[in-house]
>>> print(open('work30.cif').read())   # mmCIF, C-alpha atoms
data_protein
#
loop_
_atom_site.group_PDB
_atom_site.id
_atom_site.type_symbol
_atom_site.label_atom_id
_atom_site.label_comp_id
_atom_site.auth_asym_id
_atom_site.auth_seq_id
_atom_site.Cartn_x
_atom_site.Cartn_y
_atom_site.Cartn_z
ATOM 1 C CA MET Z 1 18.922 4.987 -8.797
ATOM 2 C CA SER Z 2 17.874 3.008 -11.866
ATOM 3 C CA TRP Z 3 15.550 -0.008 -11.734
ATOM 4 C CA ALA Z 4 18.445 -2.295 -12.701
ATOM 5 C CA ASP Z 5 20.386 -1.093 -9.659
ATOM 6 C CA ALA Z 6 17.328 -1.146 -7.392
ATOM 7 C CA ILE Z 7 16.499 -4.756 -8.186
ATOM 8 C CA LEU Z 8 19.887 -5.756 -6.777
ATOM 9 C CA ASP Z 9 19.073 -4.170 -3.408
ATOM 10 C CA ASP Z 10 18.197 -6.731 -0.779
ATOM 11 C CA PHE Z 11 14.790 -5.313 0.116
ATOM 12 C CA VAL Z 12 13.608 -5.055 -3.505
ATOM 13 C CA LEU Z 13 14.844 -8.557 -4.314
ATOM 14 C CA ARG Z 14 13.119 -9.921 -1.209
ATOM 15 C CA ALA Z 15 9.903 -8.150 -2.236
ATOM 16 C CA ILE Z 16 10.010 -9.726 -5.700
ATOM 17 C CA LEU Z 17 10.704 -13.196 -4.295
ATOM 18 C CA ALA Z 18 7.898 -12.807 -1.747
ATOM 19 C CA GLY Z 19 5.436 -11.693 -4.410
ATOM 20 C CA ILE Z 20 6.334 -14.549 -6.742
ATOM 21 C CA GLY Z 21 6.042 -17.054 -3.891
ATOM 22 C CA LEU Z 22 2.556 -15.769 -3.143
ATOM 23 C CA ALA Z 23 1.575 -15.638 -6.832
ATOM 24 C CA PHE Z 24 2.347 -19.279 -7.554
ATOM 25 C CA ALA Z 25 0.255 -20.369 -4.557
ATOM 26 C CA ALA Z 26 -2.646 -17.922 -4.744
ATOM 27 C CA ALA Z 27 -3.300 -17.919 -8.496
ATOM 28 C CA PRO Z 28 -3.864 -21.702 -8.990
ATOM 29 C CA LEU Z 29 -5.964 -21.781 -5.817
ATOM 30 C CA GLY Z 30 -7.850 -18.808 -7.207
ATOM 31 C CA CYS Z 31 -8.910 -20.946 -10.165
ATOM 32 C CA PHE Z 32 -10.945 -23.115 -7.800
ATOM 33 C CA VAL Z 33 -12.281 -19.989 -6.097
ATOM 34 C CA VAL Z 34 -13.504 -18.798 -9.517
ATOM 35 C CA TRP Z 35 -14.875 -22.181 -10.601
ATOM 36 C CA ARG Z 36 -16.731 -22.700 -7.310
ATOM 37 C CA HIS Z 37 -17.964 -19.088 -7.049
ATOM 38 C CA MET Z 38 -16.189 -18.721 -3.691
ATOM 39 C CA ALA Z 39 -15.157 -15.064 -4.061
ATOM 40 C CA CYS Z 40 -17.280 -13.981 -1.094
ATOM 41 C CA PHE Z 41 -15.840 -16.773 1.021
ATOM 42 C CA GLY Z 42 -12.311 -15.709 0.145
ATOM 43 C CA ASP Z 43 -13.136 -12.114 0.998
ATOM 44 C CA ALA Z 44 -14.604 -13.122 4.360
ATOM 45 C CA THR Z 45 -11.522 -15.176 5.203
ATOM 46 C CA ALA Z 46 -9.235 -12.277 4.286
ATOM 47 C CA HIS Z 47 -11.220 -9.839 6.438
ATOM 48 C CA ALA Z 48 -10.900 -12.194 9.391
ATOM 49 C CA ALA Z 49 -7.113 -11.959 9.065
ATOM 50 C CA ILE Z 50 -7.049 -8.658 10.976
ATOM 51 C CA PHE Z 51 -8.693 -10.349 13.952
ATOM 52 C CA GLY Z 52 -6.000 -13.011 13.699
ATOM 53 C CA VAL Z 53 -3.284 -10.338 13.748
ATOM 54 C CA ALA Z 54 -4.768 -8.771 16.904
ATOM 55 C CA LEU Z 55 -4.983 -12.139 18.659
ATOM 56 C CA SER Z 56 -1.411 -12.997 17.649
ATOM 57 C CA LEU Z 57 -0.057 -9.777 19.134
ATOM 58 C CA THR Z 58 -2.154 -10.172 22.279
ATOM 59 C CA PHE Z 59 -0.895 -13.670 23.019
ATOM 60 C CA SER Z 60 2.611 -13.156 21.555
ATOM 61 C CA VAL Z 61 2.353 -15.896 18.952
ATOM 62 C CA SER Z 62 3.323 -15.994 15.293
ATOM 63 C CA ILE Z 63 1.261 -13.749 13.018
ATOM 64 C CA PHE Z 64 1.153 -16.587 10.508
ATOM 65 C CA MET Z 65 -0.274 -19.051 13.032
ATOM 66 C CA GLY Z 66 -2.771 -16.535 14.423
ATOM 67 C CA VAL Z 67 -4.114 -15.533 11.033
ATOM 68 C CA MET Z 68 -4.301 -19.117 9.799
ATOM 69 C CA GLY Z 69 -6.079 -20.197 12.983
ATOM 70 C CA VAL Z 70 -8.748 -17.509 12.652
ATOM 71 C CA ALA Z 71 -9.137 -18.269 8.932
ATOM 72 C CA LEU Z 72 -9.735 -21.946 9.720
ATOM 73 C CA VAL Z 73 -12.273 -21.066 12.408
ATOM 74 C CA MET Z 74 -14.024 -18.879 9.826
ATOM 75 C CA ALA Z 75 -14.121 -21.790 7.375
ATOM 76 C CA PHE Z 76 -15.553 -24.231 9.955
ATOM 77 C CA THR Z 77 -18.116 -21.658 11.119
ATOM 78 C CA VAL Z 78 -19.336 -21.005 7.580
ATOM 79 C CA SER Z 79 -19.544 -24.730 6.850
ATOM 80 C CA THR Z 80 -21.491 -25.382 10.047
ATOM 81 C CA LEU Z 81 -23.940 -22.492 9.837
ATOM 82 C CA GLY Z 82 -24.387 -22.925 6.086
ATOM 83 C CA GLY Z 83 -26.154 -26.193 6.700
ATOM 84 C CA ARG Z 84 -28.613 -24.744 9.216
ATOM 85 C CA GLY Z 85 -30.831 -22.686 6.974
ATOM 86 C CA PHE Z 86 -28.742 -19.514 6.822
ATOM 87 C CA ALA Z 87 -28.277 -17.900 3.406
ATOM 88 C CA MET Z 88 -24.593 -18.256 2.531
ATOM 89 C CA ASP Z 89 -24.065 -14.726 1.223
ATOM 90 C CA THR Z 90 -25.760 -13.253 4.309
ATOM 91 C CA MET Z 91 -23.674 -15.365 6.672
ATOM 92 C CA LEU Z 92 -20.441 -14.485 4.872
ATOM 93 C CA GLY Z 93 -21.310 -10.794 5.016
ATOM 94 C CA VAL Z 94 -22.015 -10.943 8.743
ATOM 95 C CA LEU Z 95 -18.854 -12.908 9.540
ATOM 96 C CA ALA Z 96 -16.558 -10.893 7.271
ATOM 97 C CA HIS Z 97 -17.471 -7.461 8.556
ATOM 98 C CA SER Z 98 -17.826 -8.524 12.181
ATOM 99 C CA ALA Z 99 -14.386 -10.186 12.130
ATOM 100 C CA LEU Z 100 -12.809 -7.089 10.579
ATOM 101 C CA ALA Z 101 -14.542 -4.774 13.051
ATOM 102 C CA PHE Z 102 -13.639 -6.881 16.093
ATOM 103 C CA GLY Z 103 -10.071 -7.131 14.830
ATOM 104 C CA LEU Z 104 -9.692 -3.367 14.494
ATOM 105 C CA VAL Z 105 -11.267 -2.769 17.925
ATOM 106 C CA ALA Z 106 -9.074 -5.435 19.538
ATOM 107 C CA ALA Z 107 -5.996 -3.859 17.968
ATOM 108 C CA SER Z 108 -6.880 -0.506 19.541
ATOM 109 C CA PHE Z 109 -6.728 -2.088 23.023
ATOM 110 C CA LEU Z 110 -3.191 -3.400 22.571
ATOM 111 C CA SER Z 111 -1.145 -1.401 25.055
ATOM 112 C CA GLY Z 112 2.598 -1.183 24.737
ATOM 113 C CA ILE Z 113 2.515 -2.757 21.276
ATOM 114 C CA ARG Z 114 3.019 -0.645 18.189
ATOM 115 C CA ILE Z 115 0.936 -1.927 15.296
ATOM 116 C CA ASP Z 116 0.845 -0.491 11.785
ATOM 117 C CA LEU Z 117 -2.697 -1.289 10.697
ATOM 118 C CA MET Z 118 -2.125 0.101 7.201
ATOM 119 C CA ALA Z 119 0.609 -2.482 6.661
ATOM 120 C CA TYR Z 120 -1.771 -5.311 7.566
ATOM 121 C CA LEU Z 121 -4.687 -3.837 5.611
ATOM 122 C CA PHE Z 122 -2.792 -3.036 2.391
ATOM 123 C CA GLY Z 123 0.463 -4.925 2.792
ATOM 124 C CA ASP Z 124 4.080 -3.854 3.144
ATOM 125 C CA ILE Z 125 5.936 -6.063 0.719
ATOM 126 C CA LEU Z 126 9.074 -3.905 0.808
ATOM 127 C CA ALA Z 127 9.432 -4.693 4.517
ATOM 128 C CA VAL Z 128 9.635 -8.463 3.957
ATOM 129 C CA MET Z 129 12.541 -9.979 5.868
ATOM 130 C CA PRO Z 130 14.437 -13.230 5.136
ATOM 131 C CA ARG Z 131 12.422 -15.030 7.833
ATOM 132 C CA ASP Z 132 9.198 -13.857 6.149
ATOM 133 C CA LEU Z 133 10.437 -15.280 2.850
ATOM 134 C CA GLY Z 134 10.788 -18.678 4.481
ATOM 135 C CA VAL Z 135 7.202 -18.517 5.762
ATOM 136 C CA ILE Z 136 5.816 -17.309 2.418
ATOM 137 C CA TRP Z 137 7.625 -19.883 0.299
ATOM 138 C CA GLY Z 138 7.004 -22.659 2.827
ATOM 139 C CA GLY Z 139 3.289 -21.877 2.976
ATOM 140 C CA GLY Z 140 3.134 -21.496 -0.793
ATOM 141 C CA ALA Z 141 4.826 -24.848 -1.331
ATOM 142 C CA LEU Z 142 2.361 -26.468 1.073
ATOM 143 C CA VAL Z 143 -0.600 -25.028 -0.858
ATOM 144 C CA VAL Z 144 0.807 -26.108 -4.218
ATOM 145 C CA GLY Z 145 1.496 -29.558 -2.798
ATOM 146 C CA LEU Z 146 -2.092 -29.830 -1.535
ATOM 147 C CA LEU Z 147 -3.466 -28.802 -4.929
ATOM 148 C CA ILE Z 148 -1.271 -31.272 -6.820
ATOM 149 C CA TRP Z 149 -2.109 -34.091 -4.402
ATOM 150 C CA ARG Z 150 -5.864 -33.494 -4.532
ATOM 151 C CA TRP Z 151 -6.114 -32.065 -8.061
ATOM 152 C CA SER Z 152 -8.208 -34.810 -9.625
ATOM 153 C CA ALA Z 153 -10.581 -35.100 -6.655
ATOM 154 C CA LEU Z 154 -10.905 -31.322 -6.333
ATOM 155 C CA LEU Z 155 -11.644 -30.947 -10.022
ATOM 156 C CA THR Z 156 -14.211 -33.747 -10.068
ATOM 157 C CA SER Z 157 -16.064 -32.431 -7.018
ATOM 158 C CA THR Z 158 -16.005 -28.927 -8.510
ATOM 159 C CA LEU Z 159 -17.419 -29.978 -11.895
ATOM 160 C CA ASN Z 160 -19.997 -32.515 -10.694
ATOM 161 C CA PRO Z 161 -20.526 -33.408 -7.008
ATOM 162 C CA ASP Z 162 -22.759 -36.357 -7.949
ATOM 163 C CA LEU Z 163 -20.032 -37.790 -10.173
ATOM 164 C CA ALA Z 164 -17.557 -37.284 -7.340
ATOM 165 C CA TYR Z 165 -19.741 -39.331 -4.979
ATOM 166 C CA ALA Z 166 -19.977 -42.052 -7.626
ATOM 167 C CA GLU Z 167 -16.171 -42.178 -7.839
ATOM 168 C CA GLY Z 168 -15.806 -42.389 -4.070
ATOM 169 C CA VAL Z 169 -14.814 -38.743 -3.592
ATOM 170 C CA ASP Z 170 -16.454 -36.762 -0.782
ATOM 171 C CA PRO Z 171 -17.063 -33.175 -2.027
ATOM 172 C CA ARG Z 172 -17.275 -31.926 1.574
ATOM 173 C CA ARG Z 173 -13.800 -33.255 2.283
ATOM 174 C CA GLU Z 174 -12.440 -31.581 -0.834
ATOM 175 C CA GLN Z 175 -14.139 -28.351 0.204
ATOM 176 C CA MET Z 176 -12.288 -28.558 3.508
ATOM 177 C CA VAL Z 177 -9.006 -29.069 1.643
ATOM 178 C CA LEU Z 178 -9.716 -25.848 -0.235
ATOM 179 C CA ASN Z 179 -10.594 -24.093 3.022
ATOM 180 C CA VAL Z 180 -7.278 -25.117 4.574
ATOM 181 C CA ALA Z 181 -5.356 -24.024 1.473
ATOM 182 C CA LEU Z 182 -7.193 -20.703 1.472
ATOM 183 C CA ALA Z 183 -6.370 -20.151 5.155
ATOM 184 C CA ILE Z 184 -2.676 -20.763 4.446
ATOM 185 C CA VAL Z 185 -2.669 -18.347 1.506
ATOM 186 C CA VAL Z 186 -4.366 -15.630 3.559
ATOM 187 C CA ALA Z 187 -1.806 -16.124 6.336
ATOM 188 C CA VAL Z 188 1.194 -15.771 4.028
ATOM 189 C CA ALA Z 189 -0.329 -13.012 1.887
ATOM 190 C CA ILE Z 190 -1.131 -10.536 4.636
ATOM 191 C CA LYS Z 191 2.496 -9.363 4.724
ATOM 192 C CA VAL Z 192 2.618 -8.949 0.945
ATOM 193 C CA VAL Z 193 -0.643 -7.332 -0.160
ATOM 194 C CA GLY Z 194 -2.626 -6.981 3.075
ATOM 195 C CA ALA Z 195 -6.013 -8.256 4.183
ATOM 196 C CA LEU Z 196 -8.057 -6.002 1.901
ATOM 197 C CA LEU Z 197 -6.212 -6.982 -1.292
ATOM 198 C CA ILE Z 198 -5.705 -10.718 -0.814
ATOM 199 C CA THR Z 199 -8.910 -11.627 -2.635
ATOM 200 C CA ALA Z 200 -7.779 -9.618 -5.662
ATOM 201 C CA MET Z 201 -4.627 -11.742 -5.960
ATOM 202 C CA LEU Z 202 -6.732 -14.889 -5.680
ATOM 203 C CA ILE Z 203 -9.417 -14.025 -8.214
ATOM 204 C CA ILE Z 204 -8.074 -11.594 -10.818
ATOM 205 C CA PRO Z 205 -5.125 -13.671 -12.178
ATOM 206 C CA ALA Z 206 -7.426 -16.708 -12.493
ATOM 207 C CA ALA Z 207 -10.076 -14.599 -14.223
ATOM 208 C CA ALA Z 208 -7.406 -13.198 -16.543
ATOM 209 C CA ALA Z 209 -6.201 -16.679 -17.512
ATOM 210 C CA ARG Z 210 -9.675 -18.045 -18.156
ATOM 211 C CA PRO Z 211 -10.312 -16.482 -21.623
ATOM 212 C CA LEU Z 212 -6.884 -17.603 -22.866
ATOM 213 C CA THR Z 213 -6.971 -21.296 -21.954
ATOM 214 C CA ARG Z 214 -8.994 -24.411 -22.692
ATOM 215 C CA THR Z 215 -8.039 -26.810 -19.910
ATOM 216 C CA PRO Z 216 -8.022 -26.435 -16.115
ATOM 217 C CA GLU Z 217 -4.327 -27.299 -15.886
ATOM 218 C CA THR Z 218 -3.215 -24.646 -18.361
ATOM 219 C CA MET Z 219 -5.488 -22.101 -16.693
ATOM 220 C CA ALA Z 220 -3.840 -22.732 -13.325
ATOM 221 C CA LEU Z 221 -0.327 -22.510 -14.786
ATOM 222 C CA LEU Z 222 -1.084 -19.382 -16.790
ATOM 223 C CA ALA Z 223 -2.734 -17.742 -13.769
ATOM 224 C CA GLY Z 224 0.468 -18.296 -11.788
ATOM 225 C CA GLY Z 225 2.572 -16.837 -14.586
ATOM 226 C CA LEU Z 226 0.348 -13.776 -15.000
ATOM 227 C CA ALA Z 227 0.306 -13.166 -11.248
ATOM 228 C CA SER Z 228 4.107 -13.414 -11.035
ATOM 229 C CA ALA Z 229 4.592 -11.026 -13.953
ATOM 230 C CA SER Z 230 2.126 -8.612 -12.363
ATOM 231 C CA VAL Z 231 4.065 -8.688 -9.099
ATOM 232 C CA VAL Z 232 7.304 -7.710 -10.829
ATOM 233 C CA GLY Z 233 5.535 -5.098 -12.947
ATOM 234 C CA GLY Z 234 3.705 -3.709 -9.920
ATOM 235 C CA ILE Z 235 6.870 -3.385 -7.844
ATOM 236 C CA ARG Z 236 8.606 -1.608 -10.707
ATOM 237 C CA ALA Z 237 5.636 0.731 -11.259
ATOM 238 C CA ALA Z 238 5.526 1.541 -7.543
ATOM 239 C CA TRP Z 239 9.262 2.287 -7.662
ATOM 240 C CA VAL Z 240 8.913 4.593 -10.675
ATOM 241 C CA PHE Z 241 5.755 6.440 -9.601
ATOM 242 C CA ASP Z 242 6.361 6.335 -5.820
ATOM 243 C CA THR Z 243 2.988 4.698 -5.091
ATOM 244 C CA PRO Z 244 1.944 2.105 -2.453
ATOM 245 C CA THR Z 245 3.380 -1.208 -3.601
ATOM 246 C CA GLY Z 246 0.556 -3.613 -2.677
ATOM 247 C CA PRO Z 247 -2.244 -1.593 -4.320
ATOM 248 C CA THR Z 248 -0.009 -0.925 -7.336
ATOM 249 C CA ILE Z 249 0.510 -4.666 -7.834
ATOM 250 C CA VAL Z 250 -3.256 -5.147 -7.817
ATOM 251 C CA CYS Z 251 -3.672 -2.302 -10.335
ATOM 252 C CA VAL Z 252 -1.230 -4.055 -12.671
ATOM 253 C CA VAL Z 253 -3.144 -7.338 -12.245
ATOM 254 C CA VAL Z 254 -6.352 -5.512 -13.187
ATOM 255 C CA GLY Z 255 -4.612 -4.172 -16.314
ATOM 256 C CA VAL Z 256 -3.532 -7.699 -17.221
ATOM 257 C CA PHE Z 257 -7.126 -8.872 -16.773
ATOM 258 C CA ALA Z 258 -8.461 -6.130 -19.075
ATOM 259 C CA LEU Z 259 -5.871 -7.049 -21.704
ATOM 260 C CA SER Z 260 -6.665 -10.767 -21.472
ATOM 261 C CA VAL Z 261 -10.388 -10.122 -21.933
ATOM 262 C CA ASN Z 262 -9.705 -8.211 -25.155
ATOM 263 C CA VAL Z 263 -7.262 -10.840 -26.421
ATOM 264 C CA GLY Z 264 -9.756 -13.585 -25.551
ATOM 265 C CA GLN Z 265 -12.470 -11.855 -27.560
ATOM 266 C CA ILE Z 266 -10.150 -11.579 -30.553
ATOM 267 C CA LEU Z 267 -9.219 -15.274 -30.318
ATOM 268 C CA ALA Z 268 -12.888 -16.261 -30.012
ATOM 269 C CA ARG Z 269 -13.698 -14.587 -33.329
ATOM 270 C CA ARG Z 270 -11.166 -16.646 -35.239
#
>>> encode(input="work30.cif", output="structure tokens")
Amino acid sequence: MSWADAILDDFVLRAILAGIGLAFAAAPLGCFVVWRHMACFGDATAHAAIFGVALSLTFSVSIFMGVMGVALVMAFTVSTLGGRGFAMDTMLGVLAHSALAFGLVAASFLSGIRIDLMAYLFGDILAVMPRDLGVIWGGGALVVGLLIWRWSALLTSTLNPDLAYAEGVDPRREQMVLNVALAIVVAVAIKVVGALLITAMLIIPAAAARPLTRTPETMALLAGGLASASVVGGIRAAWVFDTPTGPTIVCVVVGVFALSVNVGQILARR
């Protein structure tokens, strides 16, 4: 079957739509993750997603709600302990790996429930169902709406917290807005690229857009475009080479990043 025929199949089309829905939410949010040096925080939140999956299956609730709940608890815990003398990178390392370990152990105790851990660790985008599309696009729209609504305040508090206070903006409140948005992205992304690859979709498209843009707005838009193109390219590459789809998408994003760095260096010399 050719790629042109495959793209018309329901499961491939759903995979593309799911990936694009995630890309347009994760990539602009990833710009703030890059600007604020929050990569470790994003990684810790993604690792906690497995614990959220285990809790969701245990109590028979939505995977989306379980993962988002655990991600929010992670955000509040980091914010609370970060102000009590704990080094942030140490605390994130402890929480990330403990949440992942407890999640995997909890999943092993689930009796009578079949769970594909590989799908939650690395994603299973080709298994996305119409109901999943609604969750992904709904969550993505909520994240984009949050970013548009708080864009000016988020940007000011990111660039200069003192200036933000002077303008009546509370940087801690804006940090919580980012935490909530990050929790939503992790919850919708676990079906697409899995817990271990979510951070890559947050950071790499934003890092790829950075050398090619001069304003925050264009960086966010370009990051979304690059992430969406990488999703389509990754799905096609996985189809051609018969490789895991989620990791292949990330490999394509990495290739886009390498290309953007070279193009950025060329533009800088002119």
>>> residues_near_point(input="work30.cif", point="(-5.3, -13.6, -6.8)", cutoff="10 Å", atoms="all atoms listed in the file", output="short mmCIF file (atom, residue, chain, number, x, y, z; two decimals) with C-alpha atoms, keeping the file's coordinate frame")
data_model
loop_
_atom_site.label_atom_id
_atom_site.label_comp_id
_atom_site.auth_asym_id
_atom_site.auth_seq_id
_atom_site.Cartn_x
_atom_site.Cartn_y
_atom_site.Cartn_z
CA LEU Z 22 2.56 -15.77 -3.14
CA ALA Z 23 1.58 -15.64 -6.83
CA PHE Z 24 2.35 -19.28 -7.55
CA ALA Z 25 0.26 -20.37 -4.56
CA ALA Z 26 -2.65 -17.92 -4.74
CA ALA Z 27 -3.30 -17.92 -8.50
CA PRO Z 28 -3.86 -21.70 -8.99
CA LEU Z 29 -5.96 -21.78 -5.82
CA GLY Z 30 -7.85 -18.81 -7.21
CA CYS Z 31 -8.91 -20.95 -10.16
CA VAL Z 33 -12.28 -19.99 -6.10
CA VAL Z 185 -2.67 -18.35 1.51
CA LEU Z 197 -6.21 -6.98 -1.29
CA ILE Z 198 -5.70 -10.72 -0.81
CA THR Z 199 -8.91 -11.63 -2.64
CA ALA Z 200 -7.78 -9.62 -5.66
CA MET Z 201 -4.63 -11.74 -5.96
CA LEU Z 202 -6.73 -14.89 -5.68
CA ILE Z 203 -9.42 -14.02 -8.21
CA ILE Z 204 -8.07 -11.59 -10.82
CA PRO Z 205 -5.12 -13.67 -12.18
CA ALA Z 206 -7.43 -16.71 -12.49
CA ALA Z 207 -10.08 -14.60 -14.22
CA ALA Z 208 -7.41 -13.20 -16.54
CA ALA Z 223 -2.73 -17.74 -13.77
CA GLY Z 224 0.47 -18.30 -11.79
CA LEU Z 226 0.35 -13.78 -15.00
CA ALA Z 227 0.31 -13.17 -11.25
CA VAL Z 250 -3.26 -5.15 -7.82
CA VAL Z 253 -3.14 -7.34 -12.24
#
>>> residues_around(input="work30.cif", residues="Val261 in chain Z", least_positions_apart="2", cutoff="9 Å", atoms="only C-alpha atoms", output="list in words")
Ala207, Ala208, Ala209, Arg210, Pro211, Leu212, Val256, Phe257, Ala258, Leu259, Val263, Gly264, Gln265 and Ile266 of chain Z
>>> residues_around(input="work30.cif", residues="range 132-134 of chain Z", least_positions_apart="2", cutoff="8 Å", atoms="only C-alpha atoms", output="list in words")
Arg14, Leu17, Ala18, Val128, Met129, Pro130, Ile136, Trp137 and Gly138 of chain Z
>>> closest_residue(input="work30.cif", among="Z:Gly145, Z:Gly139, Z:Gly194, Z:Leu155", to="Ala48 in chain Z", atoms="all atoms listed in the file")
Z:Gly194
>>> atom_distance(input="work30.cif", atom1="CA of Ile16 in chain Z", atom2="CA of Thr213 in chain Z")
26.2 Å
>>> atom_distance(input="work30.cif", atom1="CA of Asp162 in chain Z", atom2="CA of Glu174 in chain Z")
13.4 Å
>>> closest_residue(input="work30.cif", among="Z:Thr90, Z:Ser98, Z:Thr158, Z:Ser62", to="Val188 in chain Z", atoms="only C-alpha atoms")
Z:Ser62
>>> atom_distance(input="work30.cif", atom1="CA of Val192 in chain Z", atom2="CA of Ala238 in chain Z")
13.8 Å
>>> closest_residue(input="work30.cif", among="Z:Ala119, Z:Ala220, Z:Leu95, Z:Ala195", to="Thr77 in chain Z", atoms="all atoms listed in the file")
Z:Leu95
>>> closest_residue(input="work30.cif", among="Z:Gly246, Z:Val180, Z:Glu217, Z:Tyr120", to="Leu142 in chain Z", atoms="only C-alpha atoms")
Z:Val180
>>> closest_residue(input="work30.cif", among="Z:Leu55, Z:Gly123, Z:Phe41, Z:Asn262", to="Lys191 in chain Z", atoms="all atoms listed in the file")
Z:Gly123
>>> residues_around(input="work30.cif", residues="Ala187 in chain Z", least_positions_apart="4", cutoff="6 Å", atoms="all atoms listed in the file", output="count of residues only")
3
>>> closest_residue(input="work30.cif", among="Z:Val193, Z:Gly255, Z:Pro216, Z:Pro247", to="Ala127 in chain Z", atoms="only C-alpha atoms")
Z:Val193
>>> residues_around(input="work30.cif", residues="Leu196 in chain Z", least_positions_apart="5", cutoff="9 Å", atoms="all atoms listed in the file", output="PyMOL selection string")
chain Z and resi 43+46-47+120-123+190
>>> residues_around(input="work30.cif", residues="Val177 in chain Z", least_positions_apart="3", cutoff="10 Å", atoms="all atoms listed in the file", output="PDB file with C-alpha atoms, in the coordinates of the input")
ATOM      1  CA  VAL Z 143      -0.600 -25.028  -0.858  1.00  0.00           C
ATOM      2  CA  LEU Z 146      -2.092 -29.830  -1.535  1.00  0.00           C
ATOM      3  CA  LEU Z 147      -3.466 -28.802  -4.929  1.00  0.00           C
ATOM      4  CA  ARG Z 150      -5.864 -33.494  -4.532  1.00  0.00           C
ATOM      5  CA  LEU Z 154     -10.905 -31.322  -6.333  1.00  0.00           C
ATOM      6  CA  PRO Z 171     -17.063 -33.175  -2.027  1.00  0.00           C
ATOM      7  CA  ARG Z 172     -17.275 -31.926   1.574  1.00  0.00           C
ATOM      8  CA  ARG Z 173     -13.800 -33.255   2.283  1.00  0.00           C
ATOM      9  CA  GLU Z 174     -12.440 -31.581  -0.834  1.00  0.00           C
ATOM     10  CA  VAL Z 180      -7.278 -25.117   4.574  1.00  0.00           C
ATOM     11  CA  ALA Z 181      -5.356 -24.024   1.473  1.00  0.00           C
ATOM     12  CA  LEU Z 182      -7.193 -20.703   1.472  1.00  0.00           C
ATOM     13  CA  ALA Z 183      -6.370 -20.151   5.155  1.00  0.00           C
TER      14      ALA Z 183
END
>>> build_atoms(input="work30.cif", residues="range 99-103 of chain Z", atoms="all heavy atoms", output="mmCIF file, in the frame of the given file")
data_model
loop_
_atom_site.group_PDB
_atom_site.id
_atom_site.type_symbol
_atom_site.label_atom_id
_atom_site.label_comp_id
_atom_site.auth_asym_id
_atom_site.auth_seq_id
_atom_site.Cartn_x
_atom_site.Cartn_y
_atom_site.Cartn_z
ATOM 1 N N ALA Z 99 -15.770 -9.811 11.831
ATOM 2 C CA ALA Z 99 -14.386 -10.186 12.130
ATOM 3 C C ALA Z 99 -13.438 -9.009 11.923
ATOM 4 O O ALA Z 99 -12.539 -8.763 12.732
ATOM 5 C CB ALA Z 99 -13.964 -11.367 11.254
ATOM 6 N N LEU Z 100 -13.651 -8.259 10.836
ATOM 7 C CA LEU Z 100 -12.809 -7.089 10.579
ATOM 8 C C LEU Z 100 -12.999 -6.043 11.665
ATOM 9 O O LEU Z 100 -12.033 -5.472 12.184
ATOM 10 C CB LEU Z 100 -13.143 -6.501 9.204
ATOM 11 C CG LEU Z 100 -12.361 -5.238 8.798
ATOM 12 C CD1 LEU Z 100 -10.866 -5.510 8.781
ATOM 13 C CD2 LEU Z 100 -12.828 -4.739 7.434
ATOM 14 N N ALA Z 101 -14.265 -5.787 12.034
ATOM 15 C CA ALA Z 101 -14.542 -4.774 13.051
ATOM 16 C C ALA Z 101 -13.959 -5.176 14.406
ATOM 17 O O ALA Z 101 -13.296 -4.375 15.080
ATOM 18 C CB ALA Z 101 -16.052 -4.555 13.164
ATOM 19 N N PHE Z 102 -14.180 -6.426 14.817
ATOM 20 C CA PHE Z 102 -13.639 -6.881 16.093
ATOM 21 C C PHE Z 102 -12.106 -6.861 16.076
ATOM 22 O O PHE Z 102 -11.464 -6.574 17.102
ATOM 23 C CB PHE Z 102 -14.141 -8.290 16.415
ATOM 24 C CG PHE Z 102 -15.506 -8.320 17.044
ATOM 25 C CD1 PHE Z 102 -16.603 -8.808 16.345
ATOM 26 C CD2 PHE Z 102 -15.695 -7.854 18.331
ATOM 27 C CE1 PHE Z 102 -17.867 -8.830 16.925
ATOM 28 C CE2 PHE Z 102 -16.953 -7.876 18.923
ATOM 29 C CZ PHE Z 102 -18.045 -8.355 18.212
ATOM 30 N N GLY Z 103 -11.521 -7.164 14.935
ATOM 31 C CA GLY Z 103 -10.071 -7.131 14.830
ATOM 32 C C GLY Z 103 -9.511 -5.727 15.011
ATOM 33 O O GLY Z 103 -8.526 -5.523 15.724
#
